[in-house]
file query.txt (compact mmCIF, C-alpha atoms and all ligand atoms)
# COMPACT_ATOMS: atom_id res chain seq x y z
CA VAL R 1 41.55 153.05 -56.41
CA ARG R 2 38.41 153.86 -58.35
CA ARG R 3 39.47 152.23 -61.57
CA ARG R 4 37.21 154.30 -63.77
CA ASP R 5 38.33 157.69 -62.57
CA PRO R 6 40.44 159.23 -65.36
CA GLU R 7 42.64 161.22 -63.01
CA GLU R 8 43.67 158.22 -60.96
CA LEU R 9 44.02 156.06 -64.03
CA PHE R 10 46.33 158.65 -65.55
CA ALA R 11 48.44 158.91 -62.41
CA ALA R 12 48.76 155.12 -62.30
CA ALA R 13 49.54 154.92 -66.02
CA ARG R 14 52.28 157.53 -65.65
CA ASP R 15 53.74 155.33 -62.94
CA GLY R 16 53.98 152.50 -65.43
CA ASP R 17 50.69 150.71 -64.78
CA ARG R 18 49.91 149.18 -68.18
CA VAL R 19 46.42 148.11 -67.20
CA ALA R 20 45.57 151.70 -66.35
CA MET R 21 47.02 152.79 -69.68
CA ALA R 22 44.86 150.27 -71.54
CA ARG R 23 41.86 151.53 -69.60
CA LEU R 24 42.60 155.11 -70.66
CA VAL R 25 42.73 154.04 -74.30
CA SER R 26 39.38 152.30 -73.82
CA LEU R 27 37.87 155.46 -72.38
CA VAL R 28 39.13 157.39 -75.38
CA GLU R 29 37.61 154.80 -77.70
CA GLU R 30 34.28 154.90 -75.93
CA GLY R 31 34.01 158.65 -76.41
CA GLY R 32 31.78 161.02 -74.53
CA GLU R 33 32.64 162.95 -71.39
CA PRO R 34 35.14 160.41 -69.95
CA ALA R 35 37.09 160.58 -73.21
CA ARG R 36 37.14 164.36 -72.94
CA ALA R 37 38.38 164.09 -69.38
CA VAL R 38 41.23 161.85 -70.51
CA GLY R 39 42.07 164.26 -73.33
CA ARG R 40 42.19 167.22 -70.99
CA LEU R 41 44.57 165.37 -68.69
CA THR R 42 46.89 163.98 -71.33
CA PHE R 43 47.17 166.84 -73.79
CA PRO R 44 49.42 169.14 -71.73
CA CYS R 45 51.83 166.24 -71.22
CA THR R 46 52.23 165.34 -74.88
CA GLY R 47 54.68 166.23 -77.60
CA SER R 48 57.63 164.06 -76.64
CA ALA R 49 56.73 160.81 -78.39
CA TYR R 50 57.88 160.13 -81.91
CA THR R 51 55.21 158.38 -83.96
CA VAL R 52 55.88 155.90 -86.74
CA GLY R 53 52.98 154.85 -88.95
CA ILE R 54 53.20 151.45 -90.60
CA THR R 55 50.65 151.09 -93.34
CA GLY R 56 49.96 148.81 -96.27
CA ALA R 57 47.45 146.43 -97.79
CA PRO R 58 45.86 143.68 -95.69
CA GLY R 59 48.33 140.88 -95.12
CA ALA R 60 51.36 142.83 -96.36
CA GLY R 61 53.24 141.94 -93.19
CA LYS R 62 52.68 145.10 -91.14
CA SER R 63 52.29 143.27 -87.82
CA THR R 64 55.27 141.04 -88.47
CA ILE R 65 57.37 144.12 -89.26
CA THR R 66 56.01 145.93 -86.21
CA ASP R 67 56.93 142.97 -84.06
CA ARG R 68 60.50 143.03 -85.36
CA VAL R 69 60.74 146.79 -84.99
CA ILE R 70 59.66 146.49 -81.36
CA ALA R 71 62.63 144.18 -80.86
CA GLU R 72 64.96 146.76 -82.45
CA ILE R 73 63.67 149.49 -80.16
CA ARG R 74 63.92 147.26 -77.10
CA ALA R 75 67.47 146.33 -78.05
CA GLY R 76 68.22 150.03 -77.62
CA ASP R 77 66.57 149.79 -74.20
CA GLU R 78 63.81 152.26 -75.03
CA GLU R 79 60.13 151.80 -74.32
CA VAL R 80 57.55 151.55 -77.05
CA GLY R 81 53.79 151.81 -77.40
CA VAL R 82 51.97 150.15 -80.28
CA LEU R 83 48.49 150.84 -81.60
CA ALA R 84 47.15 148.39 -84.15
CA VAL R 85 44.21 150.18 -85.70
CA ASP R 86 41.57 147.78 -86.90
CA PRO R 87 39.68 149.29 -89.81
CA SER R 88 36.56 147.32 -88.86
CA SER R 89 35.79 146.38 -92.41
CA PRO R 90 35.16 142.93 -93.88
CA PHE R 91 38.76 142.00 -94.65
CA SER R 92 39.92 142.63 -91.12
CA GLY R 93 38.23 139.56 -89.70
CA GLY R 94 40.67 137.97 -87.31
CA ALA R 95 43.15 140.80 -87.56
CA PHE R 96 42.80 141.50 -83.87
CA LEU R 97 43.74 137.98 -82.88
CA GLY R 98 46.44 137.91 -85.53
CA ASP R 99 48.07 141.04 -84.15
CA ARG R 100 48.02 139.64 -80.70
CA VAL R 101 49.49 136.34 -81.72
CA ARG R 102 52.25 137.88 -83.77
CA MET R 103 53.34 140.33 -81.12
CA GLN R 104 53.03 137.82 -78.33
CA ASP R 105 56.78 137.66 -77.78
CA HIS R 106 56.58 141.10 -76.22
CA ALA R 107 53.45 140.52 -74.16
CA LEU R 108 55.34 140.12 -70.90
CA ASP R 109 57.85 142.90 -71.53
CA PRO R 110 56.94 145.85 -69.28
CA GLY R 111 58.69 148.18 -71.73
CA VAL R 112 56.17 147.36 -74.45
CA PHE R 113 52.54 148.41 -74.56
CA ILE R 114 50.41 146.92 -77.34
CA ARG R 115 46.80 147.71 -77.98
CA SER R 116 44.39 147.04 -80.81
CA MET R 117 41.74 149.62 -81.36
CA ALA R 118 38.81 149.94 -83.71
CA SER R 119 39.22 152.74 -86.19
CA ARG R 120 35.59 153.71 -85.92
CA GLY R 121 34.40 154.60 -82.47
CA HIS R 122 30.88 155.19 -81.24
CA LEU R 123 30.81 158.56 -82.93
CA GLY R 124 32.38 157.21 -86.08
CA GLY R 125 35.44 158.99 -84.84
CA LEU R 126 38.23 157.50 -86.87
CA SER R 127 40.59 160.40 -87.08
CA LEU R 128 39.65 161.73 -83.68
CA ALA R 129 40.03 158.71 -81.39
CA THR R 130 43.33 157.64 -82.91
CA PRO R 131 45.32 160.82 -82.23
CA GLU R 132 43.74 160.91 -78.80
CA ALA R 133 44.93 157.35 -78.10
CA ILE R 134 48.38 158.20 -79.42
CA ARG R 135 48.45 161.07 -76.95
CA VAL R 136 47.61 158.73 -74.09
CA LEU R 137 50.72 156.71 -74.92
CA ASP R 138 52.74 159.87 -75.41
CA ALA R 139 51.65 161.39 -72.10
CA CYS R 140 52.37 158.12 -70.31
CA GLY R 141 55.97 158.42 -71.39
CA CYS R 142 56.34 156.17 -74.45
CA PRO R 143 59.19 157.74 -76.42
CA TRP R 144 58.16 155.74 -79.50
CA VAL R 145 54.63 155.07 -80.69
CA LEU R 146 54.10 152.69 -83.59
CA VAL R 147 50.73 152.83 -85.33
CA GLU R 148 49.78 149.97 -87.63
CA THR R 149 46.99 150.82 -90.06
CA VAL R 150 45.56 149.15 -93.12
CA GLY R 151 46.18 151.61 -95.89
CA VAL R 152 43.43 151.19 -98.40
CA GLY R 153 41.39 154.28 -98.94
CA GLN R 154 40.94 157.78 -97.80
CA VAL R 155 39.91 157.17 -94.21
CA GLU R 156 42.89 155.08 -93.26
CA PHE R 157 45.02 157.56 -95.05
CA GLU R 158 43.98 160.20 -92.56
CA ILE R 159 45.56 158.30 -89.70
CA VAL R 160 48.60 157.69 -91.83
CA GLU R 161 49.07 161.41 -91.96
CA ARG R 162 49.16 161.54 -88.20
CA ALA R 163 52.55 159.92 -87.91
CA ASP R 164 55.90 161.66 -87.86
CA THR R 165 57.40 159.02 -90.12
CA THR R 166 55.17 156.98 -92.40
CA VAL R 167 56.35 153.59 -93.59
CA VAL R 168 54.43 152.18 -96.54
CA VAL R 169 54.65 148.40 -96.82
CA LEU R 170 54.26 146.84 -100.25
CA THR R 171 54.67 143.27 -101.45
CA PRO R 172 55.98 141.90 -104.74
CA GLY R 173 53.64 140.51 -107.34
CA SER R 174 50.52 142.10 -105.93
CA GLY R 175 50.13 145.11 -108.17
CA ASP R 176 50.93 147.11 -105.07
CA SER R 177 52.81 149.88 -106.82
CA VAL R 178 49.73 150.74 -108.84
CA GLN R 179 47.53 150.54 -105.75
CA ALA R 180 49.93 152.73 -103.85
CA SER R 181 49.86 155.47 -106.43
CA LYS R 182 46.07 155.32 -106.63
CA ALA R 183 45.61 155.52 -102.88
CA GLY R 184 47.90 158.53 -102.73
CA LEU R 185 50.42 156.60 -100.67
CA LEU R 186 53.27 157.88 -102.80
CA GLU R 187 52.63 161.32 -101.41
CA VAL R 188 52.60 160.32 -97.76
CA ALA R 189 55.36 157.71 -97.77
CA ASP R 190 58.57 158.67 -96.05
CA LEU R 191 59.92 155.19 -96.52
CA PHE R 192 58.93 152.29 -98.70
CA VAL R 193 59.35 148.74 -97.55
CA ILE R 194 59.17 145.90 -100.01
CA ASN R 195 58.28 143.12 -97.62
CA LYS R 196 58.15 139.44 -98.57
CA ALA R 197 61.25 140.15 -100.62
CA ASP R 198 61.79 136.39 -100.54
CA ARG R 199 59.09 136.20 -103.18
CA PRO R 200 59.57 136.85 -106.89
CA GLY R 201 58.96 140.36 -108.20
CA ALA R 202 60.79 142.47 -105.62
CA HIS R 203 63.14 143.86 -108.25
CA GLU R 204 60.26 144.86 -110.56
CA LEU R 205 58.37 146.50 -107.72
CA GLU R 206 61.43 148.52 -106.74
CA ARG R 207 61.90 149.61 -110.34
CA ASP R 208 58.23 150.68 -110.61
CA LEU R 209 58.44 152.62 -107.37
CA ASN R 210 61.57 154.40 -108.47
CA LEU R 211 59.91 155.36 -111.73
CA MET R 212 56.89 156.72 -109.91
CA LEU R 213 59.05 158.65 -107.49
CA ASP R 214 60.97 160.14 -110.43
CA MET R 215 57.70 161.32 -111.93
CA SER R 216 56.09 162.75 -108.81
CA ALA R 217 58.11 165.93 -108.90
CA ASP R 218 56.76 167.89 -106.00
CA ARG R 219 56.27 166.10 -102.74
CA ASP R 220 54.94 168.70 -100.38
CA GLY R 221 56.39 168.85 -96.93
CA HIS R 222 59.12 166.34 -97.60
CA ALA R 223 61.90 168.92 -97.78
CA GLY R 224 63.86 167.22 -100.52
CA TRP R 225 63.68 163.83 -98.85
CA ARG R 226 63.37 161.04 -101.37
CA PRO R 227 61.86 158.02 -99.66
CA PRO R 228 64.34 155.18 -99.58
CA ILE R 229 63.09 151.80 -100.75
CA LEU R 230 64.06 148.99 -98.42
CA ARG R 231 63.63 145.27 -98.79
CA THR R 232 62.64 143.11 -95.87
CA VAL R 233 61.68 139.55 -95.10
CA ALA R 234 59.86 140.29 -91.88
CA SER R 235 59.21 136.65 -91.13
CA THR R 236 62.97 136.07 -90.75
CA GLY R 237 63.90 139.59 -89.65
CA GLU R 238 66.00 140.24 -92.71
CA GLY R 239 66.36 143.95 -93.45
CA ILE R 240 64.63 145.14 -90.29
CA GLY R 241 67.82 146.64 -88.83
CA GLU R 242 68.23 148.71 -92.00
CA LEU R 243 64.58 149.71 -91.88
CA TRP R 244 64.93 150.98 -88.34
CA LYS R 245 68.09 152.85 -89.24
CA ALA R 246 66.22 154.52 -92.10
CA VAL R 247 63.40 155.56 -89.76
CA CYS R 248 65.92 157.15 -87.40
CA GLU R 249 67.62 158.86 -90.31
CA HIS R 250 64.33 160.29 -91.49
CA ARG R 251 63.67 161.56 -88.01
CA ARG R 252 67.01 163.33 -87.99
CA ALA R 253 66.31 164.84 -91.42
CA LEU R 254 62.90 166.14 -90.29
CA ASP R 255 64.41 167.57 -87.16
CA ALA R 256 67.26 169.26 -88.98
CA SER R 257 65.00 170.87 -91.59
CA GLY R 258 62.37 172.07 -89.14
CA GLN R 259 59.84 169.89 -90.95
CA LEU R 260 58.97 167.91 -87.84
CA GLU R 261 57.52 170.95 -86.11
CA ALA R 262 55.80 172.05 -89.31
CA ARG R 263 54.20 168.64 -89.77
CA ARG R 264 53.04 168.47 -86.21
CA SER R 265 51.45 171.87 -86.24
CA ARG R 266 49.75 171.04 -89.54
CA ARG R 267 48.37 167.91 -87.93
CA LEU R 268 46.99 169.89 -85.02
CA ALA R 269 45.44 172.36 -87.43
CA ASP R 270 43.82 169.47 -89.35
CA GLU R 271 42.52 168.01 -86.15
CA LEU R 272 41.09 171.31 -84.98
CA ARG R 273 39.34 171.80 -88.31
CA GLU R 274 37.98 168.26 -88.18
CA ILE R 275 36.58 168.83 -84.70
CA VAL R 276 34.93 172.08 -85.75
CA VAL R 277 33.37 170.37 -88.77
CA ARG R 278 32.01 167.56 -86.61
CA ARG R 279 30.66 169.95 -84.02
CA LEU R 280 28.90 172.05 -86.61
CA GLU R 281 27.61 168.99 -88.42
CA HIS R 282 26.26 167.62 -85.19
CA ARG R 283 24.56 170.90 -84.43
CA ALA R 284 23.19 171.17 -87.94
CA PHE R 285 21.54 167.79 -87.63
CA SER R 286 20.11 168.62 -84.26
CA VAL R 287 18.57 171.71 -85.85
CA CYS R 288 17.18 169.64 -88.74
CA ALA R 289 14.53 168.20 -86.49
CA GLY R 290 11.75 169.66 -84.43
CA ASP R 291 9.00 172.23 -84.88
CA ARG R 292 11.08 174.99 -86.39
CA TYR R 293 12.46 172.63 -89.00
CA ASP R 294 9.01 171.22 -89.80
CA ALA R 295 7.58 174.71 -90.21
CA LEU R 296 10.33 175.75 -92.60
CA LEU R 297 9.96 172.53 -94.56
CA ARG R 298 6.24 173.24 -94.91
CA ALA R 299 7.02 176.75 -96.08
CA ILE R 300 9.34 175.32 -98.75
CA ARG R 301 6.69 172.85 -99.90
CA HIS R 302 4.20 175.70 -100.23
CA ARG R 303 6.76 177.63 -102.26
CA GLU R 304 6.82 180.44 -99.71
CA ILE R 305 10.60 180.29 -99.34
CA ASP R 306 13.29 178.34 -101.15
CA PRO R 307 15.63 175.76 -99.54
CA TRP R 308 18.52 178.22 -99.43
CA GLU R 309 16.53 180.73 -97.50
CA ALA R 310 15.29 178.05 -95.12
CA ALA R 311 18.83 176.75 -94.64
CA ASP R 312 20.11 180.24 -93.83
CA ARG R 313 17.46 180.66 -91.18
CA LEU R 314 18.28 177.31 -89.62
CA VAL R 315 22.01 177.90 -89.68
CA ASP R 316 21.60 181.37 -88.20
CA ALA R 317 19.46 179.91 -85.45
CA THR R 318 22.14 177.28 -84.79
CA THR R 319 25.05 179.63 -84.52
CA ALA R 320 23.03 182.13 -82.52
CA ARG R 321 22.63 179.50 -79.83
CA SER R 322 26.34 179.33 -79.07
N1 LIG R 401 57.00 134.85 -97.19
C1 LIG R 401 56.86 135.84 -96.32
N2 LIG R 401 55.80 135.88 -95.52
C2 LIG R 401 55.67 136.91 -94.65
C3 LIG R 401 56.64 137.92 -94.57
N3 LIG R 401 56.26 138.82 -93.63
C4 LIG R 401 55.08 138.38 -93.17
N4 LIG R 401 54.72 137.23 -93.77
C5 LIG R 401 53.50 136.45 -93.54
O1 LIG R 401 52.41 137.14 -94.09
C6 LIG R 401 51.23 136.92 -93.32
C7 LIG R 401 50.60 138.25 -92.93
O2 LIG R 401 51.47 138.93 -92.04
P1 LIG R 401 50.96 140.06 -91.06
O3 LIG R 401 52.16 140.59 -90.38
O4 LIG R 401 49.85 139.59 -90.24
O5 LIG R 401 50.39 141.10 -92.09
P2 LIG R 401 49.53 142.41 -91.75
O6 LIG R 401 49.85 143.37 -92.81
O7 LIG R 401 49.74 142.83 -90.36
O8 LIG R 401 48.05 141.85 -91.92
P3 LIG R 401 46.68 142.60 -91.48
O9 LIG R 401 46.93 143.30 -90.18
O10 LIG R 401 45.69 141.49 -91.36
O11 LIG R 401 46.36 143.54 -92.60
C8 LIG R 401 51.67 136.10 -92.13
O12 LIG R 401 51.38 134.75 -92.39
C9 LIG R 401 53.16 136.32 -92.07
O13 LIG R 401 53.84 135.24 -91.50
C10 LIG R 401 57.79 137.84 -95.43
O14 LIG R 401 58.67 138.69 -95.42
N5 LIG R 401 57.83 136.78 -96.27
MG MG R 402 48.30 143.29 -88.83
call {"tool": "encode", "arguments": {"input": "query.txt", "output": "structure tokens", "more": "lines below"}}
Ligand SMILES: Nc1nc2c(ncn2[C@@H]2O[C@H](COP(=O)(O)OP(=O)(O)OP(=O)(O)O)[C@@H](O)[C@H]2O)c(=O)[nH]1
Ligand SMILES: [Mg+2]
result
Amino acid sequence: VRRRDPEELFAAARDGDRVAMARLVSLVEEGGEPARAVGRLTFPCTGSAYTVGITGAPGAGKSTITDRVIAEIRAGDEEVGVLAVDPSSPFSGGAFLGDRVRMQDHALDPGVFIRSMASRGHLGGLSLATPEAIRVLDACGCPWVLVETVGVGQVEFEIVERADTTVVVLTPGSGDSVQASKAGLLEVADLFVINKADRPGAHELERDLNLMLDMSADRDGHAGWRPPILRTVASTGEGIGELWKAVCEHRRALDASGQLEARRSRRLADELREIVVRRLEHRAFSVCAGDRYDALLRAIRHREIDPWEAADRLVDATTARS
């Protein structure tokens, strides 16, 4: 088997070859034509997986929760794929190893696929490589895909929005409720988890969250769903059963209201728009170099034309090429 050939890798991965699956995710991460080849193969076979995003501040306990949730899913004898998205920023040092260590229990379970991936690929493709990798897992038959992301800022937030159910993990005594509202997590959360509930301040955090939920009147696309607030001690497993039940309940609610389909098609629309923007941006920059560009720049400097006029000419030239 030519191990780099996407078609053969995909066939092997669909037959349960986890190494081939990991290789496909790597190709997607690396970008370029091989990534496109993988995307073309996987896309028609996607749409069956249910994705659960688990997001929260660094160290909130996301991996520990994910590890426990894997056990819940496996107890139901279903397979699960996990993507731990490393934001490749200063605070993530060691996160890769940490994820691996904490989910080690499942390393030998053929029904579990775990992969860390960098959020920024070669093309800076945060929001583009992640959905593509999710689709690899989906197309390879994982009925559940868990995506762990560090939720601190707009970029991470984009991936958060790519899950069917988004679990926001907060911890007591960390000012997390304020952070959450600032980062816009209140709007995307389908479920709140107060993890490390063995520490003081869980009650106050729950009260704050409830107040904020009371105030945020309109939560678009949530179809009257008020996110439940659950308490967990992930390190002991306390509350994880309830958390998983709540995820399944949310799934049923989305299904029943038609929101699941609506969310998914909105996500595809967002992705399409993002791709178009990147393509045009790429083209624009390729046009902003070379003789034509230099000549127009000179014309601007000599006050023969203004920057708007020059830009129009460049943009017209760009789009005319297609
Ligand atoms: N006391 C307490 N500690 C916990 C709990 N859950 C996780 N921890 C600990 O918190 C630390 C961080 O847990 P992780 O699961 O790695 O957190 P994370 O959010 O995945 O961290 P990053 O991926 O690095 O952002 C570990 O030492 C865990 O053992 C909990 O419920 N109570
Ligand atoms: Mg982690």
call {"tool": "residues_near_ligand", "arguments": {"input": "query.txt", "ligand": "ligand LIG 401 (chain R)", "cutoff": "7 Å", "atoms": "all atoms listed in the file", "output": "PyMOL selection string"}}
result
chain R and resi 56-65+92+95+98-99+150+195-199+232-236
call {"tool": "residues_around", "arguments": {"input": "query.txt", "residues": "Asp77 (chain R)", "least_positions_apart": "2", "cutoff": "12 Å", "atoms": "only C-alpha atoms", "output": "list of chain:residue names"}}
result
R:Ile70, R:Ala71, R:Glu72, R:Ile73, R:Arg74, R:Ala75, R:Glu79, R:Val80, R:Asp109, R:Pro110, R:Gly111, R:Val112, R:Pro143, R:Trp144
call {"tool": "atom_distance", "arguments": {"input": "query.txt", "atom1": "CA of Val85 (chain R)", "atom2": "CA of Glu281 (chain R)"}}
result
25.2 Å
call {"tool": "closest_residue", "arguments": {"input": "query.txt", "among": "R:Ile54, R:Val168, R:Ala35, R:Leu280", "to": "ligand MG 402 (chain R)", "atoms": "only C-alpha atoms and all ligand atoms"}}
result
R:Ile54
call {"tool": "atom_distance", "arguments": {"input": "query.txt", "atom1": "CA of Leu9 (chain R)", "atom2": "CA of Gly141 (chain R)"}}
result
14.2 Å
call {"tool": "closest_residue", "arguments": {"input": "query.txt", "among": "R:Thr55, R:Arg279, R:Glu274, R:Gly224", "to": "Ser257 (chain R)", "atoms": "only C-alpha atoms"}}
result
R:Gly224
call {"tool": "atom_distance", "arguments": {"input": "query.txt", "atom1": "CA of Gly81 (chain R)", "atom2": "CA of Ala139 (chain R)"}}
result
11.2 Å
call {"tool": "closest_residue", "arguments": {"input": "query.txt", "among": "R:Arg313, R:Arg266, R:Arg68, R:Arg36", "to": "Gly241 (chain R)", "atoms": "all atoms listed in the file"}}
result
R:Arg68
call {"tool": "closest_residue", "arguments": {"input": "query.txt", "among": "R:Glu148, R:Asp138, R:Glu29, R:Glu7", "to": "ligand MG 402 (chain R)", "atoms": "only C-alpha atoms and all ligand atoms"}}
result
R:Glu148
call {"tool": "residues_around", "arguments": {"input": "query.txt", "residues": "region 161-167 of chain R", "least_positions_apart": "2", "cutoff": "6 Å", "atoms": "only C-alpha atoms", "output": "compact mmCIF listing (two decimals) with C-alpha atoms, in the frame of the given file"}}
result
# COMPACT_ATOMS: atom_id res chain seq x y z
CA THR R 51 55.21 158.38 -83.96
CA VAL R 52 55.88 155.90 -86.74
CA GLY R 53 52.98 154.85 -88.95
CA ILE R 54 53.20 151.45 -90.60
CA GLU R 158 43.98 160.20 -92.56
CA ILE R 159 45.56 158.30 -89.70
CA ALA R 189 55.36 157.71 -97.77
CA ASP R 190 58.57 158.67 -96.05
CA LEU R 191 59.92 155.19 -96.52
CA PHE R 192 58.93 152.29 -98.70
call {"tool": "closest_residue", "arguments": {"input": "query.txt", "among": "R:Asp17, R:Glu271, R:Asp214, R:Asp86", "to": "ligand MG 402 (chain R)", "atoms": "only C-alpha atoms and all ligand atoms"}}
result
R:Asp86
call {"tool": "closest_residue", "arguments": {"input": "query.txt", "among": "R:Ala269, R:Ala311, R:Val188, R:Val28", "to": "Thr130 (chain R)", "atoms": "all atoms listed in the file"}}
result
R:Val28
call {"tool": "residues_around", "arguments": {"input": "query.txt", "residues": "region 23-27 of chain R", "least_positions_apart": "5", "cutoff": "10 Å", "atoms": "all atoms listed in the file", "output": "NGL selection string"}}
result
:R and (3-7 or 9-10 or 13 or 18 or 32-39 or 42 or 83 or 115-117 or 129-130 or 132-137)
call {"tool": "write_last_selection", "arguments": {"input": "query.txt", "atoms": "C-alpha atoms", "output": "JSON list (two decimals), keeping the file's coordinate frame"}}
result
[["chain", "number", "residue", "atom", "x", "y", "z"],
["R", 3, "ARG", "CA", 39.47, 152.23, -61.57],
["R", 4, "ARG", "CA", 37.21, 154.30, -63.77],
["R", 5, "ASP", "CA", 38.33, 157.69, -62.57],
["R", 6, "PRO", "CA", 40.44, 159.23, -65.36],
["R", 7, "GLU", "CA", 42.64, 161.22, -63.01],
["R", 9, "LEU", "CA", 44.02, 156.06, -64.03],
["R", 10, "PHE", "CA", 46.33, 158.65, -65.55],
["R", 13, "ALA", "CA", 49.54, 154.92, -66.02],
["R", 18, "ARG", "CA", 49.91, 149.18, -68.18],
["R", 32, "GLY", "CA", 31.78, 161.02, -74.53],
["R", 33, "GLU", "CA", 32.64, 162.95, -71.39],
["R", 34, "PRO", "CA", 35.14, 160.41, -69.95],
["R", 35, "ALA", "CA", 37.09, 160.58, -73.21],
["R", 36, "ARG", "CA", 37.14, 164.36, -72.94],
["R", 37, "ALA", "CA", 38.38, 164.09, -69.38],
["R", 38, "VAL", "CA", 41.23, 161.85, -70.51],
["R", 39, "GLY", "CA", 42.07, 164.26, -73.33],
["R", 42, "THR", "CA", 46.89, 163.98, -71.33],
["R", 83, "LEU", "CA", 48.49, 150.84, -81.60],
["R", 115, "ARG", "CA", 46.80, 147.71, -77.98],
["R", 116, "SER", "CA", 44.39, 147.04, -80.81],
["R", 117, "MET", "CA", 41.74, 149.62, -81.36],
["R", 129, "ALA", "CA", 40.03, 158.71, -81.39],
["R", 130, "THR", "CA", 43.33, 157.64, -82.91],
["R", 132, "GLU", "CA", 43.74, 160.91, -78.80],
["R", 133, "ALA", "CA", 44.93, 157.35, -78.10],
["R", 134, "ILE", "CA", 48.38, 158.20, -79.42],
["R", 135, "ARG", "CA", 48.45, 161.07, -76.95],
["R", 136, "VAL", "CA", 47.61, 158.73, -74.09],
["R", 137, "LEU", "CA", 50.72, 156.71, -74.92]]
call {"tool": "decode", "arguments": {"input": "query.txt", "residues": "region 36-48 of chain R", "atoms": "N, CA and C atoms", "output": "short mmCIF file (atom, residue, chain, number, x, y, z; two decimals), in the first residue's frame"}}
result
data_model
loop_
_atom_site.label_atom_id
_atom_site.label_comp_id
_atom_site.auth_asym_id
_atom_site.auth_seq_id
_atom_site.Cartn_x
_atom_site.Cartn_y
_atom_site.Cartn_z
N ARG R 36 -6.68 18.79 -0.27
CA ARG R 36 -7.85 18.91 -1.13
C ARG R 36 -8.34 17.53 -1.58
N ALA R 37 -7.39 16.68 -1.88
CA ALA R 37 -7.75 15.32 -2.32
C ALA R 37 -8.51 14.61 -1.20
N VAL R 38 -8.02 14.75 0.03
CA VAL R 38 -8.70 14.13 1.16
C VAL R 38 -10.11 14.70 1.31
N GLY R 39 -10.21 16.01 1.20
CA GLY R 39 -11.52 16.67 1.33
C GLY R 39 -12.52 16.19 0.28
N ARG R 40 -12.03 16.05 -0.94
CA ARG R 40 -12.92 15.58 -2.01
C ARG R 40 -13.44 14.17 -1.74
N LEU R 41 -12.56 13.35 -1.16
CA LEU R 41 -12.95 11.96 -0.87
C LEU R 41 -13.93 11.89 0.30
N THR R 42 -13.62 12.66 1.35
CA THR R 42 -14.41 12.50 2.58
C THR R 42 -15.77 13.19 2.50
N PHE R 43 -15.81 14.36 1.88
CA PHE R 43 -17.02 15.18 1.98
C PHE R 43 -18.33 14.45 1.64
N PRO R 44 -18.36 13.70 0.55
CA PRO R 44 -19.64 13.04 0.21
C PRO R 44 -20.07 12.01 1.26
N CYS R 45 -19.14 11.58 2.08
CA CYS R 45 -19.46 10.54 3.08
C CYS R 45 -19.72 11.12 4.46
N THR R 46 -19.88 12.43 4.54
CA THR R 46 -20.05 13.03 5.87
C THR R 46 -21.50 13.40 6.15
N GLY R 47 -21.74 13.77 7.39
CA GLY R 47 -23.07 14.23 7.79
C GLY R 47 -23.72 13.32 8.81
N SER R 48 -23.04 12.22 9.15
CA SER R 48 -23.64 11.31 10.13
C SER R 48 -23.12 11.54 11.54
#
